[in-house]
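Student: Before anything else, here's the structure in question.
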Amino acid sequence: MAVEEEGLRVFQSVKIKIGEAKNIPPYPGPNRMRDCFCTVNLDQEEVFRTKIVEKSLCPFYGEDFYCEIPRSFRHLSFYIFDRDVFRRESSIGKVAVKKEDLQKYHGKDTWFQLQPVSADSEVQGKVHLELRLSEVITDSGVINHKLATRVLECQGLPIVNGQCDPYAAVSLQGPSRSEAKKTKVKRKTNNPQYDEVFYFEVTRPLSYTKRQFDVEEEDVDKLALRVDLWNASNLKFGDEFLGGVRVPLRVLGQAGVHDAWYFLQPRENGGKSVKVEDLGSLRLNIVYTEDHVFPSEHYTPLRDLLLYSANVQVRVPASVPPTPPTPPTRERRLCRCSVQPVSASTAHVLGEVCREKQEAAIPLVRLFLHYGKIVPFISAIAHAEVNRTQDPNTIFRGNSLTSKCIDETMKLAGMHYLQVTLKPIIDEICTEHKPCEIDPVKLKESENLETNRENLRHYVDRIFNVITTSGVRCPTVMCDIFFSLRESAATRFQVDQDVRYTAVSSFIFLRFFAPAILSPNLFHLRLHHPDPATSRTLTLISKTIQTLGSLAKSKSANFKESYMAAFYDYFNEQKYADAVKNFLDLISTSGKWDQKSIETPIMLKEGFMIKRAQGRNRFGMKNFKKRWFRLTNHEFTYHKTKGEGALCSIPIENILAVERLEEESFKMKNMFQVIQPERALYIQANNCVEARDWIDILTKVSQCNRKRLSTYHPSAYLNGHWLCCKLSADAAPGCTPCTGGLPANIQLDVDGDRETERIYSLFSTYMTKLIKMQEACGSKSVYDGPEQEEYSTFVIDDPQETYKILKQIVSAVQTLEQQHTKYKRDKFKKTKIGSQEHPIGDKSFQCYIRQQSESSTYSI
């Protein structure tokens, strides 16, 4: 979800690898082990939770988490919790990374020391204050100076134990000052509106005569206003501290007036002194990305250069022997060729200058998918790679741009294919926990080797069968790419009859199915990383499936372990090779199958949420119930618990709109509505990230419905009228335009401008390599001899064409660089510190301000 800022969209996202914790303090008891899990929090809002690792003081999690961040935040926090035998959860320690510090750890495996968790330090939110110093003349003629403090409102306060009933305590701090005043308690809201004024006497008069006014005025610089936010609790432990602000009175200045927003801060000296080394440490890898996306026309020059990469011709290097002419293939018709080689294209240049090919592949694939050019682009770079390959046994085995682009395409276009093919059997394996260890050294005393082999063989057979019979469900775009790979490989290596199979199997088995079996959590087949025993079973299955799919002539020799070679003898039958070849033939037949004809329901998302009873008019929490929600490409259902029958089923074609519901409707956060012909279903998600995910995927899956609404009601219908527009008819048309307009294709929902912005950022980061590549083109054109070592890493088939493209790339990147610099400067001039958007205490914005003067200019 993007934040709009004067024509520019700002996207925030974070990708986190939670590795492991070590040296967790032991449990104080005879059983010193702990059952620990880790949570990811945006400020105080939990957005992800790992599985529980039992009986360990050094728990390994190995879990990945990615999310789009739909709101502003100050800290990305990680908490380690322990769950005791009574299922009570207690915090052990935390890691809190300030937003402005995230770039320090970008993409690096880092060990963080766990810090103590104190209620006085767990704060979030902001408060709006107005201070006014004025003179007041009493009835006796004495002049007093009084401070009027107005507490207007707060936003984004944390929810404590499922509720937030906040009030503010206001006091004037200074020598011999102790007076404190309180606002009213605002119930069930974390965005309270107060608008209450409190008066404090600042001066203390001693005497007053016509000739002399003598007062004992306190030094204003020593006075400060203190505002603390508290959650009114009914528990015996008292009210919970939510955050505070200290405002020195010197901010009043000559005008005597101060109006500003403040970020709430932790309470000083509130926590206990705990040695940080006693709490252990946590290994994390954090990648935080913030994309500032301009309107589409700003990206036209760079986008056109990139898309032109799909229209280039593959030139056969002189070292490659000529091959007999072949009839035109489908991918040749898809690729309307120009004259320059693919190595001179903008997309190929990006792959050459990036440190990791994966960096370039991710935005390139998403961009070409968005514009429907992924097949001709991959066909072009695959042709070039095949023509540079000398040995058919090494085809597509390296981490090239081609391999990474095909990997990324399969992840995007084939995710639902994986879900419907592998998820049922993977779930069964993770649930049954059958012993499958076949290494005699690792075998437990209670296990039987033959029984384990039979269990493993049963699983391998079932997975092999579901894969080789799934060809009709393979996405069309993947079939088109596999067709192109097969044709290129068969044309290049005409003597090798199996190369047309190995070119495809090296991706579909080695890079798609085998990794998904090995790490199902990374492919959204399981929520968490499997336990060690199940992970071992999946490893053995993945190895066997990978070998079966490789069609190697000596398969047993592929295994280093003798027990694997012996186990594989079960599968040394021709029927397995025939099944693989039939499957590969089917999925490399381009354009034959249409996904829309598939009748098998595909599970898209599921999880617990809270729903409001439909059609009722009563108030109170009794109307809200926790239910298990499940979304497929056919229907949206909810159940009493997971696995039970549906209590309600909404066909996808009956979803008219999916929109957020204003918090004021029920005084509840993270609510959204699924609008049907008869009524709206009101749902509360567990956090803001989950609410956005549900809204997005429900919107995408129902986008093609013919009766979709153009307007909706952002508030609920209660007490006989709509809270938003006050209309009394429950069937009254909406008063607010719907926020739809997303593409209907679920897998390929891509923002082309955002991906172009990311590619610009990569070119800007690697500008020095672009310069060096231009120098390499000049060196190769002028000098006829061995290349200089510093230029040998670049693939340059046509120096003149490559130089022309490089010059255009640099020009487009510099133009965008200037636009970014201008936007930052204009934003800096218009920004008011203390405004609602940039409260006082926002260190990330102060860091942003310091960066405005740093602009880079490149001239070549």
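Naming scheme: A, B, ... for chains in displayed order of the structure tokens; residues 1 onward per chain; ligands 1 onward as shown.
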Neighbouring residues of Pro651 in chain A were defined as those with any atom within 8 Å, considering only C-alpha atoms; residues of the same chain fewer than 5 positions away were excluded. Please report them as a PDB file with N, CA and C atoms, in the first residue's frame.
Tutor:
```
ATOM      1  N   HIS A 634     -12.585 -20.064  -5.729  1.00  0.00           N
ATOM      2  CA  HIS A 634     -14.013 -20.308  -5.961  1.00  0.00           C
ATOM      3  C   HIS A 634     -14.896 -19.598  -4.943  1.00  0.00           C
ATOM      4  N   GLU A 635     -14.462 -19.561  -3.656  1.00  0.00           N
ATOM      5  CA  GLU A 635     -15.344 -19.041  -2.617  1.00  0.00           C
ATOM      6  C   GLU A 635     -14.547 -18.520  -1.428  1.00  0.00           C
ATOM      7  N   PHE A 636     -15.251 -17.700  -0.611  1.00  0.00           N
ATOM      8  CA  PHE A 636     -14.711 -17.151   0.630  1.00  0.00           C
ATOM      9  C   PHE A 636     -15.592 -17.680   1.753  1.00  0.00           C
TER      10      PHE A 636
END
```
Student: I'd like the contact shell of Lys423 in chain A - 10 Å cut-off, only C-alpha atoms, skipping same-chain residues fewer than 6 positions apart - returned as a list in words.
Tutor: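 My reading of the contact set: His416, Tyr417, Ile429, Ala516, Ile517, Pro520, Phe523, His524, Leu525, Arg526 and Met603 of chain A.
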Student: Please identify all polymer residues within 7 Å of Thr183 in chain A, counting only C-alpha atoms, omitting same-chain residues fewer than 4 positions from it, and present them as number ranges by chain.
Tutor: A: 167-169, 196
Student: Could you please determine the separation between CA of Ser811 in chain A and CA of Tyr308 in chain A in Å, to one decimal place?
Tutor: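 These atoms are spaced 16.3 Å apart.
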Student: Would you give me, as an MDAnalysis selection string, the residues in range 405-502 of chain A that DSSP reads as alpha helix (DSSP H)?
Tutor: chainID A and resid 405:413 415:432 449:468 476:492 499:502
Student: Considering only C-alpha atoms, return as a PyMOL selection string whatever protein or nucleic-acid residues lie within 7 Å of Ser588 in chain A, sequence-local ones (same chain, fewer than 6 positions apart) excluded.
Tutor: chain A and resi 479-480+482-483
